[in-house]
Amino acid sequence: MRFVDEYRDPVASRRVLARIVALAGTERHYKFMEVCGGHTHTIYRHGIEHVLPRNVELVHGPGCPVCVIPMGRIDDAIAVAETPGVIFTSFGDMMRVPGGRGTLLEAKARGSDVRFVYSPLDALKIAVDNPDREVVFFAVGFETTAPSTAVTLLKARADRVMNFSVFSNHVTIVPPVKAILESPDLRLDGFLGPGHVSTVVGNHPYRFVAQEYGLPLVTAGFEPLDILQAIEMLLTQISEGRCEIENQYTRIVRDEGNPRALQFLAEVFELRPHFEWRGLGFIAQSALKLRDEFAPWDAELRFAVPGVRVADPKACQCGEVLKGVIKPWECKVFGTACTPETPIGTCMVSSEGACAAYYNFGRLHREAAVSLGRASA
Amino acid sequence: MCLGIPGQLVELSADNDQLARVDVAGVRRMINIGLLEDEELAPGDWVLIHVGFAMSKIDEEEAAVALASLKLMGSGLEDEMEMLRGTIR
């Protein structure tokens with residue numbers, strides 16, 4: 001595993017860490033938000049926060065697509081799934097997210113035909129194979145996932161598959177970042193930009209972070225060394241008085257993104273006037289709905305979607321975790337009433353959720369973290 | 001769900017230019033390559049696969065690194081592989 005060793009090389013990690021320590025000094029505190037749930041996972045999995053100087057703090061952002069879906073949308077999904085004749089399809093992650101009326105998995109146990117799929121194309125195939133049933137796909141995800149749904153809808157239209165529809169909960173990455181920057185709760189010094197979302201949207205959409213808010217953003221990969229290098233790049237910018245959008249993950253992310261994927265998105269989707277985010281409330285133009293041309297495949301038009309709003313359980317502090325205001329372990333129910341086996345909030349469900357990542361890995365000892373790079377590969 | 005899994009192109013579909021057969025850690029399945037139309041993919045190339053779609057062309061090194069990361073992710077790799085196997089066509 002020659003290649004892998006390069007990214008887990010303790011010597012390389014220590015070299016970057018030494019530069020981080022030198023750049024951070026002791027004078028001030030730095031607070032960087034990693035937007036993406038995949039980064040949160042890497043950070044806890046490898047104990048990165050334990051090896052950083054105490055004055056360099058990472059806060060976790062809203063970039064876990066499962067975590068940001070409000071409870072009301074789960075109830076809407078369950079209502080559609082309970083419609084007679086419907087086969088309701090979903091990614092596995094969403095099946096265990098509790099709404100006000102339980103989870104999709106529980107709806108399945110009550111007799112609804114809920115099936116998990118790996119790909120939206122698999123949902124379309126189920127529709128082709130079951131012409132006498134209505135097949136609905138529960139679409140979630142940021143711009144990483146939305147192009148796949150777009151291609152699936154284009155195929156459904158081309159092949160005239162009329163018993164297929166999409167319940168779109170696709171969201172976009174820039175509006176929540178803006179909402180966090182506008183929030184008085186949190187003062188940040190910079191961002192680790194999301195990796196895979198940026199393969200689609202590129203780096204240009206983040207320019208407002210530097211231009212309007214005077215903060216640096218570095219798009220980062222998912223290896224521990226990637227994260228450390230991106231932190232070093234952020235600190236370098238600050239020490240040189242710069243605030244720019246930089247790309248640490250050049251081996252995958254291009255500044256212009258994936259124009260073909262963006263074209264499919266524009267063809268199939270348009271922005272919703274507003275969409276409710278768990279913890280962040282309603283954010284204008286932050287989510288995607290199907291264009292009018294795709295109305296025959298829009299589950300929200302074809303089914304009675306109650307459109308309920310459900311307040312989060314009082315004990316649940318997912319909202320504050322998603323905004324980076326509190327750390328997972330500071331939530332009142334973390335690890336007690338709320339665990340990955342019996343989650344109360346969304347952040348405990350997905351492996352990219354901050355709470356699940358911390359629950360599974362966060363209690364690494366400092367010594368274990370120092371050996372960063374020696375992890376089995 | 002966003003991490004993606006690396007796969008190596010085995011063959012491009014003869015009758016649908018949007019499809020290709022890939023090998024993912026020993027499991028073969030068809031994926032959609034429509035999002036990488038501009039990349040001129042060929043057998044032997046590595047791609048990062050997300051929900052059945054090739055998202056990015058990657059090199060062998062990146063593929064090895066991404067696979068190792070998934071193996072470290074608790075049930076990450078097994079979950080992805082189970083889903084892949086469940087939907088082989």
# chains A, B, ... in the order shown; residues from 1 in each chain; ligands from 1
>>> residues_around(residues="range 18-28 of chain A", least_positions_apart="6", cutoff="8 Å", atoms="only C-alpha atoms", output="list in words")
Leu52, Pro53, Asn55, Val56, Ile231, Glu232, Leu235, Thr236 and Ser239 of chain A
>>> interface_residues(of="chain B", to="chain A", cutoff="6 Å", atoms="only C-alpha atoms", output="PyMOL selection string")
chain B and resi 35+51-52+61+65+68+83
>>> residues_around(residues="range 303-310 of chain A", least_positions_apart="4", cutoff="12 Å", atoms="only C-alpha atoms", output="PyMOL selection string")
chain A and resi 69-86+98-102+134-136+164-168+275-278+281-282+295-299+314
>>> write_last_selection(atoms="C-alpha atoms", output="PDB file, in the first residue's frame")
ATOM      1  CA  ILE A  69     -33.623  17.301   6.716  1.00  0.00           C
ATOM      2  CA  PRO A  70     -36.282  18.584   9.125  1.00  0.00           C
ATOM      3  CA  MET A  71     -38.596  16.135  10.872  1.00  0.00           C
ATOM      4  CA  GLY A  72     -41.634  17.344   8.953  1.00  0.00           C
ATOM      5  CA  ARG A  73     -40.172  16.147   5.652  1.00  0.00           C
ATOM      6  CA  ILE A  74     -39.741  12.647   7.127  1.00  0.00           C
ATOM      7  CA  ASP A  75     -43.409  12.685   8.097  1.00  0.00           C
ATOM      8  CA  ASP A  76     -44.250  13.807   4.559  1.00  0.00           C
ATOM      9  CA  ALA A  77     -42.189  10.912   3.205  1.00  0.00           C
ATOM     10  CA  ILE A  78     -44.005   8.468   5.483  1.00  0.00           C
ATOM     11  CA  ALA A  79     -47.381   9.848   4.340  1.00  0.00           C
ATOM     12  CA  VAL A  80     -46.430   9.187   0.710  1.00  0.00           C
ATOM     13  CA  ALA A  81     -45.048   5.746   1.608  1.00  0.00           C
ATOM     14  CA  GLU A  82     -48.379   4.869   3.273  1.00  0.00           C
ATOM     15  CA  THR A  83     -50.365   5.729   0.137  1.00  0.00           C
ATOM     16  CA  PRO A  84     -51.917   2.486  -1.202  1.00  0.00           C
ATOM     17  CA  GLY A  85     -50.075   1.123  -4.227  1.00  0.00           C
ATOM     18  CA  VAL A  86     -46.869   3.031  -3.582  1.00  0.00           C
ATOM     19  CA  PRO A  98     -36.971   9.784  13.079  1.00  0.00           C
ATOM     20  CA  GLY A  99     -39.728  12.195  12.126  1.00  0.00           C
ATOM     21  CA  GLY A 100     -42.658  13.161  14.342  1.00  0.00           C
ATOM     22  CA  ARG A 101     -44.321   9.855  13.468  1.00  0.00           C
ATOM     23  CA  GLY A 102     -41.325   7.545  13.655  1.00  0.00           C
ATOM     24  CA  GLU A 134     -46.351   3.935  -8.206  1.00  0.00           C
ATOM     25  CA  VAL A 135     -42.649   4.148  -7.371  1.00  0.00           C
ATOM     26  CA  VAL A 136     -41.423   7.191  -5.462  1.00  0.00           C
ATOM     27  CA  PHE A 164     -42.013   6.940 -11.307  1.00  0.00           C
ATOM     28  CA  SER A 165     -41.679  10.160  -9.325  1.00  0.00           C
ATOM     29  CA  VAL A 166     -39.184  11.975  -7.129  1.00  0.00           C
ATOM     30  CA  PHE A 167     -39.796  13.546  -3.710  1.00  0.00           C
ATOM     31  CA  SER A 168     -37.042  16.126  -3.930  1.00  0.00           C
ATOM     32  CA  PHE A 275     -36.757  25.417   2.358  1.00  0.00           C
ATOM     33  CA  GLU A 276     -36.661  24.474   6.016  1.00  0.00           C
ATOM     34  CA  TRP A 277     -33.319  23.215   7.345  1.00  0.00           C
ATOM     35  CA  ARG A 278     -32.994  21.377  10.575  1.00  0.00           C
ATOM     36  CA  GLY A 281     -34.749  27.335   9.954  1.00  0.00           C
ATOM     37  CA  PHE A 282     -36.078  28.540   6.601  1.00  0.00           C
ATOM     38  CA  ALA A 295     -44.316  17.945 -13.145  1.00  0.00           C
ATOM     39  CA  PRO A 296     -45.484  14.423 -14.157  1.00  0.00           C
ATOM     40  CA  TRP A 297     -42.525  13.016 -12.184  1.00  0.00           C
ATOM     41  CA  ASP A 298     -42.836  15.340  -9.181  1.00  0.00           C
ATOM     42  CA  ALA A 299     -44.089  13.388  -6.146  1.00  0.00           C
ATOM     43  CA  LYS A 314     -36.984  19.587  23.253  1.00  0.00           C
TER      44      LYS A 314
END
>>> select_by_dssp(residues="range 163-350 of chain A", states="strand (DSSP E)", output="JSON, numbers by chain")
{"A": [164, 165, 166, 167, 168, 169, 170, 190, 191, 192, 193, 217, 218, 219, 245, 246, 247, 269, 270, 271, 274, 275, 276, 277, 281, 282, 283, 284, 288, 289, 290]}
>>> residues_around(residues="Gly26 in chain B", least_positions_apart="2", cutoff="10 Å", atoms="only C-alpha atoms", output="ChimeraX atom specification")
/B:7-8,22-24,28-29,81
>>> atom_distance(atom1="CA of Glu270 in chain A", atom2="CA of Val177 in chain A")
19.5 Å
>>> residues_around(residues="Leu19 in chain B", least_positions_apart="3", cutoff="8 Å", atoms="only C-alpha atoms", output="short mmCIF file (atom, residue, chain, number, x, y, z; two decimals) with C-alpha atoms, in the first residue's frame")
data_model
loop_
_atom_site.label_atom_id
_atom_site.label_comp_id
_atom_site.auth_asym_id
_atom_site.auth_seq_id
_atom_site.Cartn_x
_atom_site.Cartn_y
_atom_site.Cartn_z
CA LEU B 12 -17.87 0.52 -21.82
CA SER B 13 -21.36 -0.59 -22.76
CA ASN B 16 -25.49 2.67 -24.28
CA MET B 30 -22.90 -1.40 -14.32
CA ILE B 31 -22.67 2.28 -13.43
CA ASN B 32 -23.72 5.45 -15.18
CA ILE B 33 -20.88 7.51 -16.63
CA GLY B 34 -23.04 10.28 -18.10
#
>>> residues_around(residues="Gly4 in chain B", least_positions_apart="2", cutoff="7 Å", atoms="only C-alpha atoms", output="PyMOL selection string")
chain B and resi 2+6+48-50
>>> write_last_selection(atoms="N, CA and C atoms", output="tab-separated table (two decimals), in the first residue's frame")
chain	number	residue	atom	x	y	z
B	2	CYS	N	-21.99	10.32	1.23
B	2	CYS	CA	-21.35	11.18	0.23
B	2	CYS	C	-19.94	10.77	-0.10
B	6	PRO	N	-14.23	3.91	-4.90
B	6	PRO	CA	-13.50	3.86	-6.17
B	6	PRO	C	-13.75	2.56	-6.93
B	48	LEU	N	-14.41	7.62	-9.16
B	48	LEU	CA	-15.04	7.63	-7.84
B	48	LEU	C	-16.55	7.53	-8.08
B	49	ILE	N	-17.17	6.52	-7.46
B	49	ILE	CA	-18.58	6.24	-7.73
B	49	ILE	C	-19.43	6.68	-6.54
B	50	HIS	N	-20.49	7.41	-6.86
B	50	HIS	CA	-21.41	7.87	-5.82
B	50	HIS	C	-22.83	7.55	-6.29
>>> closest_residue(among="B:Ala54, B:Leu41, B:Ala66, B:Val47", to="Glu11 in chain B", atoms="only C-alpha atoms")
B:Leu41
>>> residues_around(residues="Phe269 in chain A", least_positions_apart="3", cutoff="8 Å", atoms="only C-alpha atoms", output="tab-separated table (two decimals) with N, CA and C atoms, in the first residue's frame")
chain	number	residue	atom	x	y	z
A	150	ALA	N	-31.02	14.05	-11.30
A	150	ALA	CA	-31.36	14.75	-12.55
A	150	ALA	C	-31.25	13.80	-13.75
A	265	LEU	N	-28.27	19.54	-13.82
A	265	LEU	CA	-29.00	20.13	-12.68
A	265	LEU	C	-29.90	21.26	-13.16
A	266	ALA	N	-29.35	22.14	-13.99
A	266	ALA	CA	-30.11	23.31	-14.45
A	266	ALA	C	-31.29	22.88	-15.33
A	288	LEU	N	-33.71	22.47	-4.05
A	288	LEU	CA	-34.07	22.27	-5.46
A	288	LEU	C	-35.43	21.59	-5.58
A	289	LYS	N	-36.26	22.13	-6.50
A	289	LYS	CA	-37.50	21.44	-6.85
A	289	LYS	C	-37.48	21.16	-8.34
A	290	LEU	N	-38.36	20.24	-8.76
A	290	LEU	CA	-38.40	19.89	-10.18
A	290	LEU	C	-39.00	21.04	-10.99
A	291	ARG	N	-38.44	21.29	-12.16
A	291	ARG	CA	-39.02	22.28	-13.06
A	291	ARG	C	-40.39	21.82	-13.55
>>> atom_distance(atom1="CA of Glu60 in chain B", atom2="CA of Glu49 in chain A")
29.6 Å
>>> closest_residue(among="A:Glu246, A:Asp292, A:Glu300, A:Glu320", to="Gly279 in chain A", atoms="only C-alpha atoms")
A:Glu320
>>> closest_residue(among="B:Asp38, B:Glu82, B:Ala14, B:Leu67", to="Met55 in chain B", atoms="only C-alpha atoms")
B:Asp38
>>> atom_distance(atom1="CA of Ala220 in chain A", atom2="CA of Asn247 in chain A")
6.7 Å
>>> select_by_dssp(residues="range 21-190 of chain A", states="helix (DSSP H, G or I)", output="PyMOL selection string")
chain A and resi 21-24+37-45+48-51+71-81+92-95+104-109+120-129+146-158+174-182
>>> write_last_selection(atoms="C-alpha atoms", output="CSV table (one decimal), in the first residue's frame")
chain,number,residue,atom,x,y,z
A,21,VAL,CA,2.0,25.1,15.5
A,22,ALA,CA,4.4,27.7,14.3
A,23,LEU,CA,1.8,29.6,12.3
A,24,ALA,CA,-0.8,29.5,15.1
A,37,GLY,CA,-19.8,15.7,7.2
A,38,GLY,CA,-17.1,13.6,5.5
A,39,HIS,CA,-14.5,15.9,7.0
A,40,THR,CA,-16.1,15.7,10.4
A,41,HIS,CA,-15.8,11.9,10.1
A,42,THR,CA,-12.1,12.1,9.2
A,43,ILE,CA,-11.4,14.5,12.0
A,44,TYR,CA,-12.9,12.3,14.7
A,45,ARG,CA,-11.8,9.0,13.2
A,48,ILE,CA,-7.2,15.3,14.5
A,49,GLU,CA,-8.6,17.8,17.1
A,50,HIS,CA,-6.4,16.2,19.7
A,51,VAL,CA,-3.1,16.9,17.8
A,71,MET,CA,-38.6,16.1,10.9
A,72,GLY,CA,-41.6,17.3,9.0
A,73,ARG,CA,-40.2,16.1,5.7
A,74,ILE,CA,-39.7,12.6,7.1
A,75,ASP,CA,-43.4,12.7,8.1
A,76,ASP,CA,-44.3,13.8,4.6
A,77,ALA,CA,-42.2,10.9,3.2
A,78,ILE,CA,-44.0,8.5,5.5
A,79,ALA,CA,-47.4,9.8,4.3
A,80,VAL,CA,-46.4,9.2,0.7
A,81,ALA,CA,-45.0,5.7,1.6
A,92,GLY,CA,-30.4,3.4,3.6
A,93,ASP,CA,-29.3,6.4,5.7
A,94,MET,CA,-32.7,8.0,5.6
A,95,MET,CA,-34.6,4.9,6.7
A,104,LEU,CA,-39.5,4.9,7.4
A,105,LEU,CA,-38.2,1.6,8.8
A,106,GLU,CA,-41.1,1.6,11.2
A,107,ALA,CA,-43.5,2.5,8.4
A,108,LYS,CA,-42.2,-0.5,6.6
A,109,ALA,CA,-42.7,-2.7,9.7
A,120,PRO,CA,-31.9,6.6,-8.0
A,121,LEU,CA,-31.5,4.5,-11.2
A,122,ASP,CA,-32.4,1.4,-9.1
A,123,ALA,CA,-35.6,3.1,-8.1
A,124,LEU,CA,-36.4,3.8,-11.7
A,125,LYS,CA,-35.7,0.1,-12.6
A,126,ILE,CA,-38.2,-0.9,-9.8
A,127,ALA,CA,-40.8,1.3,-11.6
A,128,VAL,CA,-40.1,-0.3,-14.9
A,129,ASP,CA,-40.4,-3.8,-13.4
A,146,ALA,CA,-28.5,15.9,-7.1
A,147,PRO,CA,-27.0,15.4,-10.6
A,148,SER,CA,-27.7,11.6,-10.3
A,149,THR,CA,-31.3,12.4,-9.6
A,150,ALA,CA,-31.4,14.7,-12.5
A,151,VAL,CA,-30.0,12.1,-14.9
A,152,THR,CA,-32.5,9.6,-13.6
A,153,LEU,CA,-35.4,12.0,-14.2
A,154,LEU,CA,-34.1,12.7,-17.8
A,155,LYS,CA,-34.1,9.0,-18.4
A,156,ALA,CA,-37.6,8.6,-16.9
A,157,ARG,CA,-38.8,11.2,-19.3
A,158,ALA,CA,-37.0,9.8,-22.3
A,174,VAL,CA,-23.8,27.9,-0.5
A,175,PRO,CA,-27.0,29.2,1.3
A,176,PRO,CA,-26.3,27.4,4.6
A,177,VAL,CA,-22.7,28.7,4.6
A,178,LYS,CA,-24.1,32.2,4.1
A,179,ALA,CA,-26.7,31.7,6.9
A,180,ILE,CA,-23.9,30.6,9.3
A,181,LEU,CA,-21.8,33.7,8.4
A,182,GLU,CA,-24.9,35.9,9.1
